[in-house]
Amino acid sequence: MIDHVRDLASVRDATERLLAAAAELDNASVAEPSRLPGWSRGHVLAHVARNADALANVLEGRPMYASASTRDADIERDAPRPLDVQLADLRESAARFEETGAAPADWSRTVELRNGVTDSAARVPFRRWVEVDLHHVDLGIGYELEDLPEEFVTREIDFLAERFGGHKDVPSTALNTGDGRLWTTGGGAEGGPVAVRGSAADLLGWLCGRRDGTGLTVDGGPLPALPPL
């Protein structure tokens, strides 16, 4: 069972890690490229802030974003801001999300995210945790996939394995960390079964598009090409 209260506390911890790390930057380094193609570190920080507001919208029954173009324009608008403004926005938007999450609510209700995707309200805090911690990695400032909390890594692999389960472009694929943790995904494409083994961080990196899979061992065929998230 998902514990949204515990996840909200994990979001708070992840946000504090991000704020502390970002505070060590300066205006010049915020303008430098992040690990995400076409995005500076300022783009990443702006996105994390706007995502907090977007997920608060979801919990309050409003559209996540007014439109895809508005989402993109807001990130472009906010990306060039100086570091102190970025940090203040991150802190204030995180506080708004936390306040929304603390309000009495039916956490079993279904909510709508982007592009018609629906989910349980109780899973929204974990989705926010994903945004904060993975984008912290994307900044390229010393926080790596290996530094992510073990619970986070396991749950995000669970989520992504489920997301790609039955996908028409992914053959049947078994994931194995070598320490007893096993997942299956894909199954909608011909070929396989393919067995993919590696560290939990490398598996997560491949599944979420942060690594190319060169650290993985593959049997039964080539490493499957995963569709974009």
# chains A, B, ... in the order shown; residues from 1 in each chain; ligands from 1
$ closest_atom_pairs --of "range 135-157 of chain A" --to "range 192-215 of chain A" --cutoff "10 Å" --atoms "only C-alpha atoms" --output "CSV"
residue,atom,partner,partner_atom,distance
A:Val137,CA,A:Arg210,CA,9.1
A:Asp138,CA,A:Arg210,CA,8.2
A:Glu144,CA,A:Ala201,CA,8.9
A:Leu145,CA,A:Ala201,CA,5.5
A:Glu146,CA,A:Ala201,CA,5.5
A:Asp147,CA,A:Ala201,CA,8.8
A:Leu148,CA,A:Ala201,CA,8.3
A:Glu150,CA,A:Ala200,CA,8.7
A:Val153,CA,A:Leu204,CA,6.8
A:Thr154,CA,A:Ala200,CA,7.5
A:Arg155,CA,A:Leu204,CA,10.0
A:Glu156,CA,A:Leu204,CA,7.4
A:Ile157,CA,A:Leu204,CA,5.8
$ select_by_dssp --residues "range 60-140 of chain A" --states "helix (DSSP H, G or I)" --output "PyMOL selection string"
chain A and resi 68-78+83-102+114-116+121-138
$ residues_around --residues "range 126-133 of chain A" --least-positions-apart "2" --cutoff "8 Å" --atoms "only C-alpha atoms" --output "list in words"
His4, Asp7, Leu8, Ser10, Val11, Ala14, Thr15, Leu18, Val48, Asn51, Ala52, Leu55, Arg123, Val124, His135, His136, Val137, Leu148, Phe152 and Glu156 of chain A
$ write_last_selection --atoms "N, CA, C and O atoms" --output "PDB file, in the first residue's frame"
ATOM      1  N   HIS A   4       1.255   7.846   1.329  1.00  0.00           N
ATOM      2  CA  HIS A   4       1.499   9.181   0.784  1.00  0.00           C
ATOM      3  C   HIS A   4       2.129  10.113   1.812  1.00  0.00           C
ATOM      4  O   HIS A   4       2.894  11.016   1.447  1.00  0.00           O
ATOM      5  N   ASP A   7       5.744   9.399   1.735  1.00  0.00           N
ATOM      6  CA  ASP A   7       6.310   9.914   0.486  1.00  0.00           C
ATOM      7  C   ASP A   7       6.439  11.432   0.517  1.00  0.00           C
ATOM      8  O   ASP A   7       7.407  11.989  -0.014  1.00  0.00           O
ATOM      9  N   LEU A   8       5.487  12.105   1.129  1.00  0.00           N
ATOM     10  CA  LEU A   8       5.602  13.565   1.248  1.00  0.00           C
ATOM     11  C   LEU A   8       6.833  13.945   2.074  1.00  0.00           C
ATOM     12  O   LEU A   8       7.518  14.930   1.762  1.00  0.00           O
ATOM     13  N   SER A  10       9.543  12.143   2.201  1.00  0.00           N
ATOM     14  CA  SER A  10      10.681  11.869   1.320  1.00  0.00           C
ATOM     15  C   SER A  10      10.867  12.979   0.294  1.00  0.00           C
ATOM     16  O   SER A  10      11.996  13.324  -0.068  1.00  0.00           O
ATOM     17  N   VAL A  11       9.766  13.544  -0.181  1.00  0.00           N
ATOM     18  CA  VAL A  11       9.842  14.696  -1.085  1.00  0.00           C
ATOM     19  C   VAL A  11      10.536  15.860  -0.386  1.00  0.00           C
ATOM     20  O   VAL A  11      11.412  16.525  -0.964  1.00  0.00           O
ATOM     21  N   ALA A  14      14.242  15.143  -0.178  1.00  0.00           N
ATOM     22  CA  ALA A  14      14.879  15.275  -1.492  1.00  0.00           C
ATOM     23  C   ALA A  14      15.003  16.739  -1.896  1.00  0.00           C
ATOM     24  O   ALA A  14      16.014  17.147  -2.497  1.00  0.00           O
ATOM     25  N   THR A  15      13.990  17.528  -1.572  1.00  0.00           N
ATOM     26  CA  THR A  15      14.018  18.953  -1.896  1.00  0.00           C
ATOM     27  C   THR A  15      15.124  19.663  -1.133  1.00  0.00           C
ATOM     28  O   THR A  15      15.834  20.513  -1.689  1.00  0.00           O
ATOM     29  N   LEU A  18      18.386  18.902  -2.762  1.00  0.00           N
ATOM     30  CA  LEU A  18      18.538  19.665  -3.995  1.00  0.00           C
ATOM     31  C   LEU A  18      18.863  21.122  -3.705  1.00  0.00           C
ATOM     32  O   LEU A  18      19.764  21.714  -4.326  1.00  0.00           O
ATOM     33  N   VAL A  48      11.712  21.995 -12.233  1.00  0.00           N
ATOM     34  CA  VAL A  48      11.381  21.390 -10.938  1.00  0.00           C
ATOM     35  C   VAL A  48      10.426  22.295 -10.155  1.00  0.00           C
ATOM     36  O   VAL A  48       9.479  21.812  -9.516  1.00  0.00           O
ATOM     37  N   ASN A  51       6.992  22.179 -11.846  1.00  0.00           N
ATOM     38  CA  ASN A  51       6.361  20.887 -11.623  1.00  0.00           C
ATOM     39  C   ASN A  51       5.700  20.818 -10.254  1.00  0.00           C
ATOM     40  O   ASN A  51       4.652  20.178 -10.094  1.00  0.00           O
ATOM     41  N   ALA A  52       6.295  21.471  -9.257  1.00  0.00           N
ATOM     42  CA  ALA A  52       5.659  21.500  -7.931  1.00  0.00           C
ATOM     43  C   ALA A  52       4.290  22.150  -8.022  1.00  0.00           C
ATOM     44  O   ALA A  52       3.295  21.644  -7.469  1.00  0.00           O
ATOM     45  N   LEU A  55       1.838  19.773  -9.961  1.00  0.00           N
ATOM     46  CA  LEU A  55       1.299  18.646  -9.191  1.00  0.00           C
ATOM     47  C   LEU A  55       0.379  19.124  -8.062  1.00  0.00           C
ATOM     48  O   LEU A  55      -0.543  18.395  -7.674  1.00  0.00           O
ATOM     49  N   ARG A 123      -0.394   8.371  -5.329  1.00  0.00           N
ATOM     50  CA  ARG A 123       0.884   8.187  -6.014  1.00  0.00           C
ATOM     51  C   ARG A 123       1.514   9.508  -6.445  1.00  0.00           C
ATOM     52  O   ARG A 123       2.665   9.538  -6.884  1.00  0.00           O
ATOM     53  N   VAL A 124       0.804  10.599  -6.312  1.00  0.00           N
ATOM     54  CA  VAL A 124       1.341  11.893  -6.745  1.00  0.00           C
ATOM     55  C   VAL A 124       2.576  12.295  -5.935  1.00  0.00           C
ATOM     56  O   VAL A 124       3.559  12.777  -6.520  1.00  0.00           O
ATOM     57  N   HIS A 135      15.948  14.845 -11.380  1.00  0.00           N
ATOM     58  CA  HIS A 135      16.451  16.097 -11.947  1.00  0.00           C
ATOM     59  C   HIS A 135      17.634  16.646 -11.154  1.00  0.00           C
ATOM     60  O   HIS A 135      18.462  17.381 -11.717  1.00  0.00           O
ATOM     61  N   HIS A 136      17.744  16.282  -9.884  1.00  0.00           N
ATOM     62  CA  HIS A 136      18.958  16.595  -9.137  1.00  0.00           C
ATOM     63  C   HIS A 136      20.151  15.920  -9.828  1.00  0.00           C
ATOM     64  O   HIS A 136      21.194  16.547 -10.049  1.00  0.00           O
ATOM     65  N   VAL A 137      19.983  14.667 -10.210  1.00  0.00           N
ATOM     66  CA  VAL A 137      21.028  13.955 -10.956  1.00  0.00           C
ATOM     67  C   VAL A 137      21.313  14.667 -12.281  1.00  0.00           C
ATOM     68  O   VAL A 137      22.466  14.825 -12.695  1.00  0.00           O
ATOM     69  N   LEU A 148      21.095   7.810  -4.991  1.00  0.00           N
ATOM     70  CA  LEU A 148      19.662   7.837  -4.709  1.00  0.00           C
ATOM     71  C   LEU A 148      19.314   6.853  -3.600  1.00  0.00           C
ATOM     72  O   LEU A 148      19.930   5.788  -3.488  1.00  0.00           O
ATOM     73  N   PHE A 152      13.867   4.481  -3.176  1.00  0.00           N
ATOM     74  CA  PHE A 152      13.499   5.223  -4.381  1.00  0.00           C
ATOM     75  C   PHE A 152      13.846   4.420  -5.623  1.00  0.00           C
ATOM     76  O   PHE A 152      13.032   4.282  -6.546  1.00  0.00           O
ATOM     77  N   GLU A 156      11.116   3.076  -8.302  1.00  0.00           N
ATOM     78  CA  GLU A 156      11.081   3.645  -9.642  1.00  0.00           C
ATOM     79  C   GLU A 156      11.317   2.556 -10.699  1.00  0.00           C
ATOM     80  O   GLU A 156      10.711   2.604 -11.774  1.00  0.00           O
TER      81      GLU A 156
END
$ select_by_dssp --residues "range 85-131 of chain A" --states "strand (DSSP E)" --output "MDAnalysis selection string"
chainID A and resid 110:112 118:120
$ atom_distance --atom1 "CA of Trp183 in chain A" --atom2 "CA of Pro224 in chain A"
14.8 Å
$ atom_distance --atom1 "CA of Glu99 in chain A" --atom2 "CA of Arg71 in chain A"
22.1 Å
$ residues_around --residues "Leu45 in chain A" --least-positions-apart "5" --cutoff "12 Å" --atoms "only C-alpha atoms" --output "VMD selection string"
chain A and resid 15 18 to 19 21 to 23 25 30 to 31 33 to 34 36 39 to 40 50 to 52 74 to 91 93 to 94 131 to 139
$ write_last_selection --atoms "C-alpha atoms" --output "PDB file, in the first residue's frame"
ATOM      1  CA  THR A  15      14.018  18.953  -1.896  1.00  0.00           C
ATOM      2  CA  LEU A  18      18.538  19.665  -3.995  1.00  0.00           C
ATOM      3  CA  LEU A  19      18.397  23.125  -2.441  1.00  0.00           C
ATOM      4  CA  ALA A  21      23.451  21.317  -3.553  1.00  0.00           C
ATOM      5  CA  ALA A  22      22.130  24.050  -5.841  1.00  0.00           C
ATOM      6  CA  ALA A  23      23.110  26.714  -3.301  1.00  0.00           C
ATOM      7  CA  LEU A  25      26.389  26.942  -7.620  1.00  0.00           C
ATOM      8  CA  VAL A  30      23.435  27.768 -13.521  1.00  0.00           C
ATOM      9  CA  ALA A  31      23.649  28.934 -17.133  1.00  0.00           C
ATOM     10  CA  PRO A  33      24.437  22.889 -19.864  1.00  0.00           C
ATOM     11  CA  SER A  34      22.778  20.222 -17.748  1.00  0.00           C
ATOM     12  CA  LEU A  36      19.484  16.965 -20.455  1.00  0.00           C
ATOM     13  CA  TRP A  39      18.596  22.393 -21.261  1.00  0.00           C
ATOM     14  CA  SER A  40      20.827  24.466 -19.022  1.00  0.00           C
ATOM     15  CA  ARG A  50       6.970  24.623 -12.098  1.00  0.00           C
ATOM     16  CA  ASN A  51       6.361  20.887 -11.623  1.00  0.00           C
ATOM     17  CA  ALA A  52       5.659  21.500  -7.931  1.00  0.00           C
ATOM     18  CA  ASP A  74       7.208  28.996 -18.520  1.00  0.00           C
ATOM     19  CA  ILE A  75      10.407  26.927 -18.352  1.00  0.00           C
ATOM     20  CA  GLU A  76      12.069  29.043 -21.044  1.00  0.00           C
ATOM     21  CA  ARG A  77      10.989  32.201 -19.252  1.00  0.00           C
ATOM     22  CA  ASP A  78      12.352  31.100 -15.887  1.00  0.00           C
ATOM     23  CA  ALA A  79      15.562  29.358 -16.994  1.00  0.00           C
ATOM     24  CA  PRO A  80      17.799  32.499 -17.249  1.00  0.00           C
ATOM     25  CA  ARG A  81      17.042  33.762 -13.753  1.00  0.00           C
ATOM     26  CA  PRO A  82      19.920  34.327 -11.305  1.00  0.00           C
ATOM     27  CA  LEU A  83      20.648  31.654  -8.724  1.00  0.00           C
ATOM     28  CA  ASP A  84      19.048  33.430  -5.768  1.00  0.00           C
ATOM     29  CA  VAL A  85      15.764  33.763  -7.664  1.00  0.00           C
ATOM     30  CA  GLN A  86      15.895  30.123  -8.735  1.00  0.00           C
ATOM     31  CA  LEU A  87      16.460  28.968  -5.155  1.00  0.00           C
ATOM     32  CA  ALA A  88      13.669  31.129  -3.772  1.00  0.00           C
ATOM     33  CA  ASP A  89      11.262  29.813  -6.394  1.00  0.00           C
ATOM     34  CA  LEU A  90      12.258  26.210  -5.701  1.00  0.00           C
ATOM     35  CA  ARG A  91      11.732  26.698  -1.986  1.00  0.00           C
ATOM     36  CA  SER A  93       6.906  26.209  -4.906  1.00  0.00           C
ATOM     37  CA  ALA A  94       7.955  23.203  -2.811  1.00  0.00           C
ATOM     38  CA  GLU A 131      10.962  14.736 -10.368  1.00  0.00           C
ATOM     39  CA  VAL A 132      13.090  16.180  -7.584  1.00  0.00           C
ATOM     40  CA  ASP A 133      15.646  13.391  -7.245  1.00  0.00           C
ATOM     41  CA  LEU A 134      16.135  12.464 -10.908  1.00  0.00           C
ATOM     42  CA  HIS A 135      16.451  16.097 -11.947  1.00  0.00           C
ATOM     43  CA  HIS A 136      18.958  16.595  -9.137  1.00  0.00           C
ATOM     44  CA  VAL A 137      21.028  13.955 -10.956  1.00  0.00           C
ATOM     45  CA  ASP A 138      20.408  15.765 -14.259  1.00  0.00           C
ATOM     46  CA  LEU A 139      22.120  18.895 -12.943  1.00  0.00           C
TER      47      LEU A 139
END
$ residues_around --residues "range 63-65 of chain A" --least-positions-apart "2" --cutoff "12 Å" --atoms "only C-alpha atoms" --output "short mmCIF file (atom, residue, chain, number, x, y, z; two decimals) with N, CA, C and O atoms, in the first residue's frame"
data_model
loop_
_atom_site.label_atom_id
_atom_site.label_comp_id
_atom_site.auth_asym_id
_atom_site.auth_seq_id
_atom_site.Cartn_x
_atom_site.Cartn_y
_atom_site.Cartn_z
N ARG A 50 8.29 24.59 -11.45
CA ARG A 50 6.97 24.62 -12.10
C ARG A 50 6.24 23.28 -11.94
O ARG A 50 5.02 23.23 -11.89
N ASN A 51 6.99 22.18 -11.85
CA ASN A 51 6.36 20.89 -11.62
C ASN A 51 5.70 20.82 -10.25
O ASN A 51 4.65 20.18 -10.09
N ALA A 52 6.29 21.47 -9.26
CA ALA A 52 5.66 21.50 -7.93
C ALA A 52 4.29 22.15 -8.02
O ALA A 52 3.29 21.64 -7.47
N ASP A 53 4.21 23.27 -8.73
CA ASP A 53 2.93 23.94 -8.90
C ASP A 53 1.97 23.08 -9.72
O ASP A 53 0.76 23.03 -9.44
N ALA A 54 2.50 22.40 -10.74
CA ALA A 54 1.66 21.57 -11.59
C ALA A 54 1.04 20.42 -10.82
O ALA A 54 -0.15 20.10 -10.98
N LEU A 55 1.84 19.77 -9.96
CA LEU A 55 1.30 18.65 -9.19
C LEU A 55 0.38 19.12 -8.06
O LEU A 55 -0.54 18.39 -7.67
N ALA A 56 0.59 20.34 -7.58
CA ALA A 56 -0.39 20.91 -6.65
C ALA A 56 -1.71 21.13 -7.38
O ALA A 56 -2.80 20.87 -6.82
N ASN A 57 -1.64 21.58 -8.62
CA ASN A 57 -2.86 21.71 -9.43
C ASN A 57 -3.58 20.38 -9.53
O ASN A 57 -4.81 20.30 -9.40
N VAL A 58 -2.83 19.32 -9.80
CA VAL A 58 -3.43 17.99 -9.94
C VAL A 58 -4.17 17.60 -8.65
O VAL A 58 -5.32 17.13 -8.69
N LEU A 59 -3.52 17.80 -7.52
CA LEU A 59 -4.14 17.41 -6.25
C LEU A 59 -5.37 18.26 -5.94
O LEU A 59 -6.28 17.80 -5.24
N GLU A 60 -5.42 19.47 -6.49
CA GLU A 60 -6.57 20.35 -6.23
C GLU A 60 -7.62 20.29 -7.33
O GLU A 60 -8.57 21.08 -7.33
N GLY A 61 -7.45 19.36 -8.28
CA GLY A 61 -8.48 19.13 -9.28
C GLY A 61 -8.42 20.04 -10.48
O GLY A 61 -9.38 20.10 -11.26
N SER A 67 -1.45 24.29 -20.83
CA SER A 67 -1.23 23.66 -22.13
C SER A 67 0.22 23.25 -22.20
O SER A 67 1.05 23.71 -21.41
N ALA A 68 0.54 22.39 -23.17
CA ALA A 68 1.93 21.99 -23.35
C ALA A 68 2.80 23.19 -23.72
O ALA A 68 3.94 23.33 -23.25
N SER A 69 2.25 24.09 -24.55
CA SER A 69 3.04 25.26 -24.95
C SER A 69 3.28 26.21 -23.78
O SER A 69 4.35 26.81 -23.66
N THR A 70 2.28 26.32 -22.90
CA THR A 70 2.45 27.17 -21.72
C THR A 70 3.51 26.59 -20.79
O THR A 70 4.37 27.32 -20.26
N ARG A 71 3.49 25.27 -20.61
CA ARG A 71 4.50 24.60 -19.79
C ARG A 71 5.90 24.93 -20.32
O ARG A 71 6.78 25.34 -19.56
N ASP A 72 6.08 24.74 -21.61
CA ASP A 72 7.40 24.96 -22.21
C ASP A 72 7.81 26.43 -22.12
O ASP A 72 8.98 26.75 -21.84
N ALA A 73 6.86 27.33 -22.36
CA ALA A 73 7.16 28.75 -22.32
C ALA A 73 7.55 29.19 -20.91
O ALA A 73 8.45 30.04 -20.74
N ASP A 74 6.88 28.64 -19.90
CA ASP A 74 7.21 29.00 -18.52
C ASP A 74 8.64 28.58 -18.17
O ASP A 74 9.36 29.31 -17.48
N ILE A 75 9.05 27.39 -18.63
CA ILE A 75 10.41 26.93 -18.35
C ILE A 75 11.42 27.83 -19.05
O ILE A 75 12.42 28.24 -18.45
N VAL A 111 -6.84 10.98 -10.13
CA VAL A 111 -6.53 12.33 -10.60
C VAL A 111 -5.97 12.22 -12.02
O VAL A 111 -5.51 11.18 -12.46
N GLU A 112 -6.02 13.35 -12.74
CA GLU A 112 -5.53 13.39 -14.12
C GLU A 112 -4.26 14.22 -14.20
O GLU A 112 -4.20 15.32 -13.68
N LEU A 113 -3.26 13.65 -14.89
CA LEU A 113 -1.99 14.34 -15.09
C LEU A 113 -1.93 14.86 -16.52
O LEU A 113 -2.95 15.27 -17.06
N ARG A 114 -0.77 14.83 -17.15
CA ARG A 114 -0.64 15.32 -18.53
C ARG A 114 -1.11 14.27 -19.52
O ARG A 114 -1.07 13.07 -19.27
N ASN A 115 -1.55 14.76 -20.67
CA ASN A 115 -1.86 13.90 -21.82
C ASN A 115 -2.86 12.81 -21.50
O ASN A 115 -2.82 11.71 -22.04
N GLY A 116 -3.80 13.12 -20.59
CA GLY A 116 -4.85 12.17 -20.27
C GLY A 116 -4.45 11.05 -19.34
O GLY A 116 -5.25 10.15 -19.07
N VAL A 117 -3.22 11.06 -18.85
CA VAL A 117 -2.76 10.02 -17.92
C VAL A 117 -3.48 10.20 -16.59
O VAL A 117 -3.60 11.32 -16.08
N THR A 118 -3.95 9.10 -16.03
CA THR A 118 -4.60 9.15 -14.73
C THR A 118 -3.84 8.28 -13.73
O THR A 118 -3.11 7.37 -14.11
N VAL A 124 0.80 10.60 -6.31
CA VAL A 124 1.34 11.89 -6.74
C VAL A 124 2.58 12.30 -5.93
O VAL A 124 3.56 12.78 -6.52
#
$ atom_distance --atom1 "CA of Leu223 in chain A" --atom2 "CA of Ala161 in chain A"
14.7 Å
$ closest_residue --among "A:Ala105, A:Glu151, A:Thr184, A:Ser120" --to "His167 in chain A" --atoms "only C-alpha atoms"
A:Thr184
